[in-house]
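Novice: For reference, this is final38.txt, and it has compact mmCIF, C-alpha atoms.
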# COMPACT_ATOMS: atom_id res chain seq x y z
CA MET A 15 147.48 25.60 74.31
CA SER A 16 149.32 23.88 77.15
CA LEU A 17 150.82 27.30 77.87
CA PHE A 18 147.41 28.45 79.01
CA GLY A 19 147.24 25.36 81.22
CA ASP A 20 150.63 26.26 82.69
CA ALA A 21 149.46 29.82 83.31
CA LEU A 22 146.30 28.60 85.03
CA SER A 23 148.22 26.22 87.26
CA TRP A 24 150.59 29.10 88.03
CA ILE A 25 147.61 31.16 89.14
CA THR A 26 146.07 28.35 91.21
CA ASP A 27 149.41 27.40 92.79
CA GLY A 28 149.03 28.13 96.52
CA ALA A 29 152.65 29.33 96.68
CA HIS A 30 151.71 32.35 94.60
CA TRP A 31 149.05 33.52 97.04
CA GLY A 32 149.49 35.39 100.30
CA GLY A 33 152.42 37.55 101.36
CA PRO A 34 153.58 40.87 99.88
CA THR A 35 154.12 39.45 96.37
CA GLY A 36 151.05 37.20 96.39
CA ILE A 37 148.33 37.42 93.74
CA ASP A 38 145.71 38.57 96.26
CA HIS A 39 147.96 41.37 97.50
CA ARG A 40 148.79 42.45 93.94
CA ILE A 41 145.11 42.52 92.93
CA VAL A 42 144.28 44.76 95.90
CA GLN A 43 147.26 46.97 95.06
CA HIS A 44 146.21 47.19 91.41
CA LEU A 45 142.66 48.14 92.36
CA LEU A 46 143.81 50.67 94.97
CA VAL A 47 146.08 52.44 92.47
CA THR A 48 143.26 52.43 89.91
CA PHE A 49 140.66 53.86 92.26
CA ALA A 50 143.07 56.39 93.75
CA ALA A 51 144.00 57.67 90.28
CA VAL A 52 140.39 57.86 89.07
CA ALA A 53 139.23 59.50 92.32
CA LEU A 54 142.00 62.11 92.24
CA ALA A 55 141.32 62.89 88.60
CA ALA A 56 137.56 63.00 89.22
CA LEU A 57 138.04 65.51 92.03
CA LEU A 58 139.47 67.93 89.48
CA ALA A 59 137.79 66.89 86.25
CA LEU A 60 134.15 66.43 87.27
CA PRO A 61 133.53 69.92 88.75
CA LEU A 62 135.42 71.49 85.85
CA GLY A 63 133.44 69.44 83.33
CA VAL A 64 130.12 70.32 84.95
CA LEU A 65 131.10 74.00 84.92
CA ILE A 66 132.00 73.84 81.22
CA GLY A 67 128.80 71.97 80.41
CA HIS A 68 126.67 74.39 82.41
CA THR A 69 128.17 77.60 81.06
CA GLY A 70 128.99 76.26 77.60
CA ARG A 71 132.40 77.96 77.79
CA GLY A 72 135.67 76.26 76.95
CA ARG A 73 134.27 73.39 74.92
CA LEU A 74 136.91 73.70 72.24
CA VAL A 75 139.60 73.36 74.90
CA VAL A 76 138.07 70.09 76.07
CA VAL A 77 137.91 68.62 72.58
CA ALA A 78 141.49 69.67 71.80
CA LEU A 79 142.74 68.35 75.14
CA ALA A 80 141.09 64.96 74.68
CA GLY A 81 142.64 64.63 71.23
CA ALA A 82 146.10 65.70 72.37
CA VAL A 83 146.15 63.30 75.31
CA ARG A 84 145.19 60.42 73.07
CA ALA A 85 148.28 61.11 70.98
CA VAL A 86 150.70 61.13 73.95
CA PRO A 87 152.21 57.68 74.45
CA THR A 88 151.44 56.74 78.05
CA LEU A 89 154.73 54.88 78.32
CA GLY A 90 156.52 58.15 77.53
CA LEU A 91 154.64 60.05 80.20
CA LEU A 92 155.33 57.26 82.67
CA THR A 93 159.06 57.02 81.99
CA LEU A 94 159.54 60.80 82.02
CA LEU A 95 157.74 61.11 85.35
CA GLY A 96 159.65 58.07 86.59
CA LEU A 97 162.97 59.78 85.89
CA ALA A 98 161.76 63.05 87.43
CA LEU A 99 160.22 61.61 90.60
CA GLY A 100 162.27 58.48 91.09
CA ILE A 101 161.19 54.89 91.63
CA GLY A 102 157.96 54.74 93.61
CA ILE A 103 154.23 55.03 93.38
CA GLU A 104 154.13 58.83 92.82
CA ALA A 105 155.15 58.81 89.16
CA PRO A 106 152.74 56.10 87.96
CA LEU A 107 149.93 57.58 90.02
CA LEU A 108 150.48 61.01 88.48
CA ALA A 109 150.60 59.53 84.97
CA LEU A 110 147.37 57.62 85.60
CA VAL A 111 145.65 60.76 86.89
CA ALA A 112 146.66 62.57 83.71
CA LEU A 113 145.33 59.66 81.67
CA ALA A 114 141.95 59.57 83.44
CA PHE A 115 141.43 63.33 83.31
CA PRO A 116 140.20 63.86 79.70
CA SER A 117 137.64 61.02 79.74
CA LEU A 118 136.18 62.27 83.00
CA LEU A 119 136.13 65.87 81.83
CA ALA A 120 134.51 64.98 78.51
CA GLY A 121 131.90 62.78 80.20
CA ALA A 122 130.94 65.45 82.74
CA TYR A 123 130.72 68.20 80.18
CA ALA A 124 128.83 66.14 77.61
CA GLY A 125 126.43 64.79 80.24
CA VAL A 126 125.51 68.19 81.62
CA GLU A 127 125.29 69.71 78.18
CA ALA A 128 123.05 66.91 76.91
CA ALA A 129 120.49 67.48 79.66
CA ASP A 130 117.16 68.31 78.02
CA ARG A 131 117.07 72.10 77.47
CA GLY A 132 113.32 72.11 77.98
CA ALA A 133 113.71 70.62 81.45
CA VAL A 134 116.47 73.12 82.28
CA ASP A 135 114.38 76.07 81.11
CA ALA A 136 111.36 74.80 83.04
CA ALA A 137 113.47 74.45 86.19
CA ARG A 138 114.74 77.99 85.71
CA ALA A 139 111.16 79.22 85.17
CA VAL A 140 109.94 77.70 88.44
CA GLY A 141 112.63 79.70 90.23
CA MET A 142 115.53 77.31 90.79
CA SER A 143 118.89 78.91 91.45
CA GLU A 144 121.83 78.10 89.17
CA TRP A 145 123.21 75.78 91.87
CA GLN A 146 119.89 73.92 92.15
CA LEU A 147 119.71 73.77 88.37
CA VAL A 148 123.07 72.02 88.22
CA THR A 149 122.63 69.65 91.16
CA ARG A 150 118.94 68.76 90.77
CA VAL A 151 118.37 68.84 87.02
CA GLU A 152 121.51 68.77 84.91
CA ILE A 153 123.58 66.26 86.88
CA PRO A 154 120.74 63.73 87.43
CA LEU A 155 119.76 63.98 83.75
CA GLY A 156 123.37 63.64 82.63
CA ALA A 157 124.25 60.86 85.10
CA ASP A 158 124.31 58.20 82.39
CA VAL A 159 126.87 60.04 80.28
CA ILE A 160 128.91 61.15 83.30
CA LEU A 161 129.09 57.55 84.52
CA GLY A 162 130.07 56.53 80.99
CA GLY A 163 133.05 58.85 81.30
CA ILE A 164 133.97 57.37 84.68
CA ARG A 165 133.70 53.89 83.19
CA ALA A 166 135.94 54.75 80.25
CA ALA A 167 138.49 56.41 82.53
CA THR A 168 138.53 53.49 84.99
CA LEU A 169 139.01 51.00 82.19
CA GLN A 170 141.92 52.97 80.73
CA VAL A 171 143.52 53.33 84.13
CA VAL A 172 143.16 49.68 85.17
CA ALA A 173 144.77 48.66 81.87
CA THR A 174 147.57 51.20 82.11
CA ALA A 175 148.22 50.46 85.79
CA THR A 176 149.88 47.34 84.33
CA LEU A 177 152.57 49.59 82.86
CA ALA A 178 153.10 51.15 86.30
CA ALA A 179 154.99 47.98 87.23
CA TYR A 180 157.65 48.98 84.70
CA ILE A 181 158.83 51.80 86.96
CA SER A 182 157.60 50.69 90.40
CA ASP A 183 156.85 47.52 92.31
CA THR A 184 153.09 47.91 92.00
CA GLY A 185 150.19 45.81 90.87
CA LEU A 186 149.63 42.82 88.61
CA GLY A 187 151.95 44.14 85.90
CA ARG A 188 154.85 42.99 88.08
CA TYR A 189 154.24 39.35 87.05
CA LEU A 190 154.30 40.37 83.42
CA PHE A 191 157.61 42.17 83.65
CA SER A 192 159.34 39.68 85.90
CA GLY A 193 158.13 36.88 83.61
CA LEU A 194 159.44 38.77 80.59
CA LYS A 195 162.82 39.31 82.21
CA SER A 196 163.32 35.71 83.29
CA ARG A 197 161.54 34.30 80.21
CA GLN A 198 158.99 32.50 82.38
CA TYR A 199 156.07 32.33 80.00
CA ASP A 200 153.69 30.84 82.57
CA GLU A 201 154.18 33.74 85.00
CA MET A 202 153.97 36.31 82.19
CA LEU A 203 150.80 34.80 80.77
CA ALA A 204 149.30 34.40 84.23
CA GLY A 205 149.85 38.13 84.83
CA ALA A 206 148.28 38.94 81.47
CA LEU A 207 145.22 36.79 82.20
CA LEU A 208 144.80 38.30 85.67
CA VAL A 209 144.89 41.87 84.35
CA ALA A 210 142.53 41.07 81.49
CA GLY A 211 140.13 39.33 83.89
CA LEU A 212 140.23 42.23 86.34
CA ALA A 213 139.52 44.74 83.55
CA LEU A 214 136.57 42.70 82.26
CA VAL A 215 135.04 42.29 85.74
CA LEU A 216 135.46 46.00 86.45
CA ASP A 217 133.92 46.94 83.11
CA LEU A 218 130.91 44.70 83.68
CA ALA A 219 130.41 46.08 87.20
CA LEU A 220 130.53 49.67 85.95
CA ALA A 221 128.22 48.85 83.04
CA THR A 222 125.69 47.48 85.53
CA LEU A 223 126.02 50.60 87.65
CA GLN A 224 125.53 52.76 84.59
CA ARG A 225 122.40 50.84 83.61
CA ALA A 226 121.02 51.17 87.12
CA SER A 227 121.42 54.96 86.97
CA ARG A 228 119.04 55.25 84.04
CA PRO A 229 115.51 56.47 84.77
CA THR A 230 113.19 53.54 85.51
CA THR A 231 110.03 55.26 84.33
CA GLY A 232 110.39 54.16 80.74
CA LYS A 233 112.39 55.70 77.95
CA VAL A 234 113.05 59.41 77.95
CA PRO A 235 112.33 60.86 74.52
CA SER A 236 115.56 62.15 73.08
CA MET B 19 168.72 68.64 70.42
CA THR B 20 172.32 67.48 70.78
CA TRP B 21 171.11 63.99 71.63
CA LEU B 22 168.92 63.98 68.54
CA ASN B 23 171.77 65.18 66.34
CA ALA B 24 174.08 62.46 67.62
CA ASN B 25 171.49 59.72 67.16
CA ARG B 26 169.68 60.80 64.03
CA ASP B 27 170.08 57.49 62.17
CA TYR B 28 168.84 55.48 65.13
CA VAL B 29 165.77 57.72 65.55
CA LEU B 30 164.94 57.60 61.84
CA ASP B 31 165.29 53.83 61.85
CA MET B 32 162.91 53.53 64.81
CA LEU B 33 160.49 55.96 63.15
CA LEU B 34 160.46 53.76 60.06
CA GLN B 35 159.82 50.65 62.18
CA HIS B 36 157.01 52.54 63.90
CA VAL B 37 155.34 53.37 60.59
CA ARG B 38 155.74 49.77 59.42
CA LEU B 39 153.82 48.54 62.46
CA ALA B 40 151.16 51.25 62.73
CA VAL B 41 150.07 51.58 59.09
CA PRO B 42 149.30 47.89 58.38
CA ALA B 43 147.41 47.65 61.69
CA VAL B 44 145.22 50.62 60.76
CA VAL B 45 144.63 49.39 57.19
CA VAL B 46 143.66 45.90 58.35
CA SER B 47 141.31 47.23 61.03
CA VAL B 48 139.62 49.58 58.54
CA LEU B 49 139.00 46.72 56.09
CA ILE B 50 137.65 44.32 58.73
CA ALA B 51 135.59 47.04 60.41
CA ILE B 52 133.90 47.95 57.10
CA VAL B 53 132.89 44.31 56.61
CA LEU B 54 131.65 43.97 60.22
CA GLY B 55 129.92 47.35 60.10
CA ARG B 56 128.19 46.35 56.90
CA ILE B 57 127.01 43.10 58.51
CA ALA B 58 125.78 44.98 61.59
CA TRP B 59 123.96 47.48 59.37
CA ARG B 60 122.38 44.80 57.16
CA TRP B 61 121.40 42.36 59.93
CA PRO B 62 120.90 44.37 63.14
CA ARG B 63 120.45 41.26 65.28
CA ALA B 64 123.78 39.76 64.22
CA GLY B 65 125.15 43.26 64.56
CA THR B 66 124.36 43.41 68.27
CA VAL B 67 126.46 40.28 68.80
CA VAL B 68 129.32 41.53 66.59
CA LEU B 69 129.45 44.97 68.18
CA GLY B 70 129.10 43.53 71.69
CA THR B 71 132.05 41.21 71.10
CA ALA B 72 134.03 44.12 69.69
CA SER B 73 133.49 46.27 72.76
CA LEU B 74 134.40 43.34 75.00
CA LEU B 75 137.68 42.87 73.09
CA TYR B 76 138.36 46.56 73.42
CA SER B 77 138.31 46.27 77.21
CA VAL B 78 141.22 43.79 77.18
CA PRO B 79 144.32 45.77 78.15
CA ALA B 80 147.00 46.16 75.47
CA LEU B 81 150.05 44.70 77.16
CA PRO B 82 148.33 41.45 78.23
CA LEU B 83 146.93 41.15 74.71
CA LEU B 84 150.49 41.32 73.36
CA ILE B 85 151.39 38.34 75.49
CA VAL B 86 148.29 36.25 74.79
CA ILE B 87 148.33 36.66 70.99
CA PRO B 88 151.63 34.85 70.33
CA VAL B 89 150.31 31.87 72.32
CA LEU B 90 147.04 31.80 70.39
CA LEU B 91 148.66 32.16 66.96
CA GLY B 92 151.87 30.29 67.66
CA ILE B 93 154.13 33.16 66.62
CA SER B 94 157.10 34.68 68.37
CA LEU B 95 156.51 37.19 71.15
CA ARG B 96 159.07 39.56 69.61
CA SER B 97 157.64 39.34 66.11
CA GLY B 98 156.21 42.54 64.67
CA LEU B 99 153.23 40.48 63.52
CA THR B 100 152.16 40.07 67.16
CA LEU B 101 151.89 43.82 67.56
CA VAL B 102 150.14 44.34 64.22
CA VAL B 103 147.54 41.69 65.12
CA ALA B 104 146.98 43.15 68.60
CA LEU B 105 146.59 46.68 67.26
CA ALA B 106 144.34 45.49 64.43
CA VAL B 107 142.10 43.82 67.01
CA TYR B 108 141.86 47.10 68.93
CA GLY B 109 141.34 49.19 65.84
CA THR B 110 138.60 46.88 64.58
CA ALA B 111 136.89 46.86 67.98
CA LEU B 112 136.91 50.65 68.01
CA LEU B 113 135.89 51.10 64.38
CA ALA B 114 133.20 48.44 63.82
CA GLY B 115 130.52 50.49 65.61
CA THR B 116 131.51 53.64 63.73
CA ALA B 117 131.33 51.77 60.42
CA ALA B 118 127.78 50.62 61.20
CA ASP B 119 126.88 54.22 62.08
CA ALA B 120 128.49 55.39 58.85
CA PHE B 121 126.30 53.11 56.73
CA ARG B 122 123.27 54.18 58.73
CA SER B 123 124.11 57.83 58.00
CA VAL B 124 123.54 57.32 54.27
CA ASP B 125 120.29 58.97 53.22
CA ALA B 126 117.69 56.30 52.45
CA ARG B 127 116.24 58.44 49.63
CA VAL B 128 119.59 58.50 47.88
CA ARG B 129 119.78 54.71 48.07
CA GLU B 130 116.25 54.38 46.73
CA ALA B 131 117.01 56.74 43.88
CA ALA B 132 120.12 54.74 43.00
CA GLU B 133 118.15 51.51 43.14
CA ALA B 134 115.49 53.01 40.88
CA MET B 135 118.19 54.01 38.41
CA GLY B 136 119.16 50.34 38.18
CA TYR B 137 122.26 50.03 40.38
CA SER B 138 123.07 46.43 41.24
CA ARG B 139 123.74 45.49 44.85
CA THR B 140 127.50 45.63 44.40
CA GLY B 141 127.20 48.88 42.46
CA LEU B 142 125.10 50.36 45.22
CA PHE B 143 127.75 49.45 47.79
CA TRP B 144 130.80 50.69 45.88
CA LYS B 145 129.30 53.76 44.21
CA VAL B 146 126.70 54.99 46.70
CA ASP B 147 126.94 53.53 50.21
CA LEU B 148 130.69 53.45 50.67
CA PRO B 149 131.46 56.94 49.30
CA LEU B 150 128.62 58.51 51.27
CA ALA B 151 129.75 56.70 54.42
CA VAL B 152 133.27 58.19 54.12
CA PRO B 153 132.76 61.30 56.32
CA VAL B 154 131.56 59.35 59.38
CA LEU B 155 133.99 56.51 58.69
CA LEU B 156 136.87 58.94 58.42
CA SER B 157 136.18 60.47 61.83
CA GLY B 158 136.55 56.98 63.33
CA ILE B 159 139.66 56.15 61.28
CA ARG B 160 141.35 59.33 62.53
CA VAL B 161 140.74 58.34 66.17
CA VAL B 162 142.02 54.81 65.53
CA THR B 163 145.13 56.08 63.73
CA VAL B 164 146.14 58.42 66.53
CA SER B 165 145.61 55.83 69.26
CA THR B 166 147.34 53.09 67.22
CA VAL B 167 150.44 55.22 66.65
CA SER B 168 150.59 55.90 70.38
CA LEU B 169 150.01 52.23 71.33
CA VAL B 170 152.81 50.94 69.08
CA THR B 171 155.25 52.22 71.73
CA ILE B 172 154.05 49.50 74.14
CA GLY B 173 155.73 46.95 71.86
CA ALA B 174 159.11 48.12 73.13
CA LEU B 175 158.31 46.49 76.49
CA VAL B 176 158.28 43.02 74.94
CA GLY B 177 161.09 43.74 72.45
CA ILE B 178 159.31 44.86 69.27
CA PRO B 179 161.32 47.86 68.04
CA SER B 180 159.63 51.24 67.42
CA LEU B 181 159.92 54.80 68.71
CA GLY B 182 158.88 53.17 72.00
CA ASN B 183 162.50 51.94 72.30
CA LEU B 184 163.49 55.55 72.89
CA LEU B 185 161.18 55.60 75.89
CA THR B 186 162.44 52.38 77.51
CA ASP B 187 166.09 52.97 76.60
CA GLY B 188 165.94 56.57 77.76
CA PHE B 189 164.44 55.46 81.05
CA GLN B 190 167.00 52.74 81.68
CA ARG B 191 169.93 54.97 80.80
CA ASP B 192 168.46 58.09 82.41
CA ILE B 193 168.48 60.20 79.23
CA ARG B 194 165.52 62.54 79.34
CA ALA B 195 166.22 63.95 75.89
CA GLU B 196 165.80 60.47 74.43
CA ILE B 197 162.38 59.98 76.04
CA VAL B 198 161.25 63.44 74.97
CA THR B 199 162.39 62.67 71.42
CA GLY B 200 160.36 59.46 71.52
CA VAL B 201 157.24 61.20 72.83
CA VAL B 202 157.46 64.12 70.42
CA GLY B 203 158.32 61.83 67.50
CA THR B 204 155.29 59.63 68.22
CA MET B 205 152.99 62.65 68.45
CA LEU B 206 154.38 64.20 65.26
CA LEU B 207 153.88 60.93 63.41
CA ALA B 208 150.28 60.79 64.65
CA ILE B 209 149.68 64.37 63.51
CA ALA B 210 151.29 63.72 60.11
CA LEU B 211 149.13 60.64 59.48
CA ASP B 212 146.05 62.56 60.66
CA VAL B 213 146.73 65.37 58.18
CA LEU B 214 147.25 62.76 55.46
CA LEU B 215 143.88 61.18 56.31
CA VAL B 216 142.07 64.52 56.19
CA GLY B 217 143.62 65.10 52.75
CA LEU B 218 142.57 61.66 51.54
CA GLY B 219 139.09 62.36 52.91
CA HIS B 220 138.85 65.51 50.78
CA LEU B 221 139.93 63.55 47.70
CA ALA B 222 137.41 60.79 48.41
CA THR B 223 134.49 63.19 48.86
CA PRO B 224 134.97 65.87 46.18
CA TRP B 225 131.27 66.81 46.29
CA ARG B 226 131.63 68.18 49.81
CA ALA B 227 133.87 70.98 48.61
CA THR B 228 131.30 72.31 46.15
CA LEU B 229 128.17 71.96 48.28
CA PRO B 230 127.05 74.60 50.76
CA LYS B 231 128.03 73.63 54.31
CA ALA B 232 124.57 72.64 55.50
CA ALA B 233 124.08 70.15 52.66
CA ALA B 234 127.57 68.68 52.72
CA ARG B 235 126.77 65.66 54.85
In structure tokens, write the structure found in this file.

Specialist:
Amino acid sequence: MSLFGDALSWITDGAHWGGPTGIDHRIVQHLLVTFAAVALAALLALPLGVLIGHTGRGRLVVVALAGAVRAVPTLGLLTLLGLALGIGIEAPLLALVALAFPSLLAGAYAGVEAADRGAVDAARAVGMSEWQLVTRVEIPLGADVILGGIRAATLQVVATATLAAYISDTGLGRYLFSGLKSRQYDEMLAGALLVAGLALVLDLALATLQRASRPTTGKVPS
Amino acid sequence: MTWLNANRDYVLDMLLQHVRLAVPAVVVSVLIAIVLGRIAWRWPRAGTVVLGTASLLYSVPALPLLIVIPVLLGISLRSGLTLVVALAVYGTALLAGTAADAFRSVDARVREAAEAMGYSRTGLFWKVDLPLAVPVLLSGIRVVTVSTVSLVTIGALVGIPSLGNLLTDGFQRDIRAEIVTGVVGTMLLAIALDVLLVGLGHLATPWRATLPKAAAR
């Protein structure tokens, strides 16, 4: 157990804070890569998912895609892109975008599709255009599920951003790999604890956001 | 293909190591998840705690988990056991909720009928609840199997051999064919195990083949 003590004193050691390799800098870097990857993926996946959910076309493609991506080892995607694009942030970012894509797509499509058909029909009957139908009925009603997809994608990306340090000098994973290389267990464990802590905090924050998006006027009958 | 031909023994050896790590992890997580799911189904209040803890564990990233587990259990970082434990934790976290759902999916009237016919509690579990929970359970096991097979590759980063070695070695030595072999091999293994599971599922639920589709649930 003293190893955990060592790791904690490694984290609290002032020498490991500040500067370009400091913990604070690495946390910001890790979060920036995570958000950039999720945002880029969302830009593509959310509109596409909403379109699929609204029209009901291409569902089988989504299901097959989600299954196929789960089977691809992320490390393989990362190393292949690393060889193709060279050392740098581009390869890990691209791999993370690919990783976030299916969760976002599935969330958007399932959310829109799960919107109460009665409400959608009523909205159509009162004369809403298709655009209004999507933006004022289906998306608000599906917000919970859509946010669930964003949460799942963010969690996957923040975890996998650790691997990004294998092919580039980015994020908290760097401590893990440099600790592994030099057999410094305190540094390695400190990196592990920092990533785990960051993932838990992010998950809790997104869970709160998701809860806040639910209708406050009591339970909606399902 | 030339790379694969020249390194066939190495690839087969790594494939075998991969299976040795993935299969025990899946089996252990299925067994633990069934127990936890049963508890969550039987005592919903305890279940909330169990399933909440499981989802919390699931949000711990894989690579850090691989480094924390040896410290907690006092085993070597490079031991295969580390990876099996880590993957079993993930698998259980993912499956426990599905197992609870699976037991909930069993028709209450069927259970009552079995009780009326004099099944004991253990008999009810082994001969009614568990077999009827198989379809839902299987859908979860298939997801866990595919993601476990893919996650085994991470072990290569800390020195636990598997098809993941092809990914790290190929990257370090700049051999694309090696990485591609590793990726394709991992995916093929996942597909093979998935097909095997579907087959086992058919064997475990023979009544589904004879019933009309709508009733086969």

Novice: Can you write out as CSV which residues of chain A fall within 10 Å of chain B, alongside each residue's closest atom pair and its distance in Å to one decimal, counting only C-alpha atoms and ordering rows by chain and ascending residue number?

Specialist:
residue,atom,partner,partner_atom,distance
A:Met15,CA,B:Val89,CA,7.2
A:Ser16,CA,B:Val89,CA,9.4
A:Leu17,CA,B:Val89,CA,7.2
A:Phe18,CA,B:Val89,CA,8.1
A:Gly81,CA,B:Val161,CA,8.3
A:Ala82,CA,B:Met205,CA,8.5
A:Val83,CA,B:Ser165,CA,9.6
A:Arg84,CA,B:Ser165,CA,6.0
A:Ala85,CA,B:Met205,CA,5.6
A:Val86,CA,B:Met205,CA,6.1
A:Pro87,CA,B:Ser168,CA,4.7
A:Thr88,CA,B:Ser168,CA,7.8
A:Leu89,CA,B:Ile172,CA,6.8
A:Gly90,CA,B:Leu185,CA,5.6
A:Leu91,CA,B:Val201,CA,7.9
A:Leu92,CA,B:Leu185,CA,9.1
A:Thr93,CA,B:Phe189,CA,5.7
A:Leu94,CA,B:Ile197,CA,6.7
A:Leu95,CA,B:Phe189,CA,9.8
A:Gly96,CA,B:Phe189,CA,7.8
A:Leu97,CA,B:Phe189,CA,6.7
A:Ala98,CA,B:Arg194,CA,8.9
A:Ala166,CA,B:Ser77,CA,9.3
A:Leu169,CA,B:Ser77,CA,6.9
A:Gln170,CA,B:Pro79,CA,8.0
A:Val171,CA,B:Pro79,CA,9.7
A:Val172,CA,B:Pro79,CA,8.1
A:Ala173,CA,B:Pro79,CA,4.7
A:Thr174,CA,B:Pro79,CA,7.5
A:Ala175,CA,B:Pro79,CA,9.8
A:Thr176,CA,B:Leu81,CA,7.6
A:Leu177,CA,B:Leu81,CA,7.9
A:Tyr180,CA,B:Leu175,CA,8.6
A:Ile181,CA,B:Phe189,CA,8.9
A:Gly187,CA,B:Pro82,CA,8.9
A:Leu190,CA,B:Pro82,CA,8.0
A:Phe191,CA,B:Leu175,CA,8.4
A:Leu194,CA,B:Val176,CA,7.2
A:Lys195,CA,B:Val176,CA,9.3
A:Tyr199,CA,B:Ile85,CA,8.9
A:Met202,CA,B:Ile85,CA,7.5
A:Leu203,CA,B:Ile85,CA,6.4
A:Ala204,CA,B:Pro82,CA,9.3
A:Gly205,CA,B:Pro82,CA,7.5
A:Ala206,CA,B:Pro82,CA,4.1
A:Leu207,CA,B:Pro82,CA,6.9
A:Leu208,CA,B:Pro82,CA,8.8
A:Val209,CA,B:Pro82,CA,7.0
A:Ala210,CA,B:Val78,CA,5.3
A:Gly211,CA,B:Val78,CA,8.1
A:Leu212,CA,B:Val78,CA,9.3
A:Ala213,CA,B:Ser77,CA,6.6
A:Leu214,CA,B:Ser77,CA,6.4
A:Val215,CA,B:Ser77,CA,10.0
A:Leu216,CA,B:Ser77,CA,9.7
A:Asp217,CA,B:Ser77,CA,7.4
A:Leu218,CA,B:Leu74,CA,9.5

Novice: Grab the residues selected above and save them as an mmCIF file, keeping the file's coordinate frame with C-alpha atoms.

Specialist:
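The file below, part_2.cif, is the result:
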data_model
loop_
_atom_site.group_PDB
_atom_site.id
_atom_site.type_symbol
_atom_site.label_atom_id
_atom_site.label_comp_id
_atom_site.auth_asym_id
_atom_site.auth_seq_id
_atom_site.Cartn_x
_atom_site.Cartn_y
_atom_site.Cartn_z
ATOM 1 C CA MET A 15 147.480 25.600 74.310
ATOM 2 C CA SER A 16 149.320 23.880 77.150
ATOM 3 C CA LEU A 17 150.820 27.300 77.870
ATOM 4 C CA PHE A 18 147.410 28.450 79.010
ATOM 5 C CA GLY A 81 142.640 64.630 71.230
ATOM 6 C CA ALA A 82 146.100 65.700 72.370
ATOM 7 C CA VAL A 83 146.150 63.300 75.310
ATOM 8 C CA ARG A 84 145.190 60.420 73.070
ATOM 9 C CA ALA A 85 148.280 61.110 70.980
ATOM 10 C CA VAL A 86 150.700 61.130 73.950
ATOM 11 C CA PRO A 87 152.210 57.680 74.450
ATOM 12 C CA THR A 88 151.440 56.740 78.050
ATOM 13 C CA LEU A 89 154.730 54.880 78.320
ATOM 14 C CA GLY A 90 156.520 58.150 77.530
ATOM 15 C CA LEU A 91 154.640 60.050 80.200
ATOM 16 C CA LEU A 92 155.330 57.260 82.670
ATOM 17 C CA THR A 93 159.060 57.020 81.990
ATOM 18 C CA LEU A 94 159.540 60.800 82.020
ATOM 19 C CA LEU A 95 157.740 61.110 85.350
ATOM 20 C CA GLY A 96 159.650 58.070 86.590
ATOM 21 C CA LEU A 97 162.970 59.780 85.890
ATOM 22 C CA ALA A 98 161.760 63.050 87.430
ATOM 23 C CA ALA A 166 135.940 54.750 80.250
ATOM 24 C CA LEU A 169 139.010 51.000 82.190
ATOM 25 C CA GLN A 170 141.920 52.970 80.730
ATOM 26 C CA VAL A 171 143.520 53.330 84.130
ATOM 27 C CA VAL A 172 143.160 49.680 85.170
ATOM 28 C CA ALA A 173 144.770 48.660 81.870
ATOM 29 C CA THR A 174 147.570 51.200 82.110
ATOM 30 C CA ALA A 175 148.220 50.460 85.790
ATOM 31 C CA THR A 176 149.880 47.340 84.330
ATOM 32 C CA LEU A 177 152.570 49.590 82.860
ATOM 33 C CA TYR A 180 157.650 48.980 84.700
ATOM 34 C CA ILE A 181 158.830 51.800 86.960
ATOM 35 C CA GLY A 187 151.950 44.140 85.900
ATOM 36 C CA LEU A 190 154.300 40.370 83.420
ATOM 37 C CA PHE A 191 157.610 42.170 83.650
ATOM 38 C CA LEU A 194 159.440 38.770 80.590
ATOM 39 C CA LYS A 195 162.820 39.310 82.210
ATOM 40 C CA TYR A 199 156.070 32.330 80.000
ATOM 41 C CA MET A 202 153.970 36.310 82.190
ATOM 42 C CA LEU A 203 150.800 34.800 80.770
ATOM 43 C CA ALA A 204 149.300 34.400 84.230
ATOM 44 C CA GLY A 205 149.850 38.130 84.830
ATOM 45 C CA ALA A 206 148.280 38.940 81.470
ATOM 46 C CA LEU A 207 145.220 36.790 82.200
ATOM 47 C CA LEU A 208 144.800 38.300 85.670
ATOM 48 C CA VAL A 209 144.890 41.870 84.350
ATOM 49 C CA ALA A 210 142.530 41.070 81.490
ATOM 50 C CA GLY A 211 140.130 39.330 83.890
ATOM 51 C CA LEU A 212 140.230 42.230 86.340
ATOM 52 C CA ALA A 213 139.520 44.740 83.550
ATOM 53 C CA LEU A 214 136.570 42.700 82.260
ATOM 54 C CA VAL A 215 135.040 42.290 85.740
ATOM 55 C CA LEU A 216 135.460 46.000 86.450
ATOM 56 C CA ASP A 217 133.920 46.940 83.110
ATOM 57 C CA LEU A 218 130.910 44.700 83.680
#

Novice: Rank A:Gly141, A:Gly193, A:Gly72, A:Gly67 by their smallest atom-to-atom distance to A:Tyr123, using all atoms listed in the file, and report the top residue only.

Specialist: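 Closest candidate: A:Gly67.
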
Novice: Using all atoms listed in the file, can you tell me which of B:Val68, B:Val44, B:Glu133, B:Asn23 comes closest to B:Leu211?

Specialist: B:Val44

Novice: Quick one: residues within 10 Å of B:Leu49, all atoms listed in the file, excluding same-chain residues fewer than 3 positions away - as a list in words?

Specialist: Val44, Val45, Val46, Ile52, Val53, Leu54, Gly55, Ala106, Thr110, Leu113 and Ala114 of chain B

Novice: Show me the residues close to (133.1, 74.6, 78.4) - anything with an atom within 10 Å, counting only C-alpha atoms - and format the list as a list in words.

Specialist: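 Result, sorted by chain then residue number: Leu62, Gly63, Val64, Leu65, Ile66, Gly67, His68, Thr69, Gly70, Arg71, Gly72, Arg73, Leu74, Val75, Val76, Val77, Leu119, Ala120, Tyr123, Ala124 and Glu127 of chain A.
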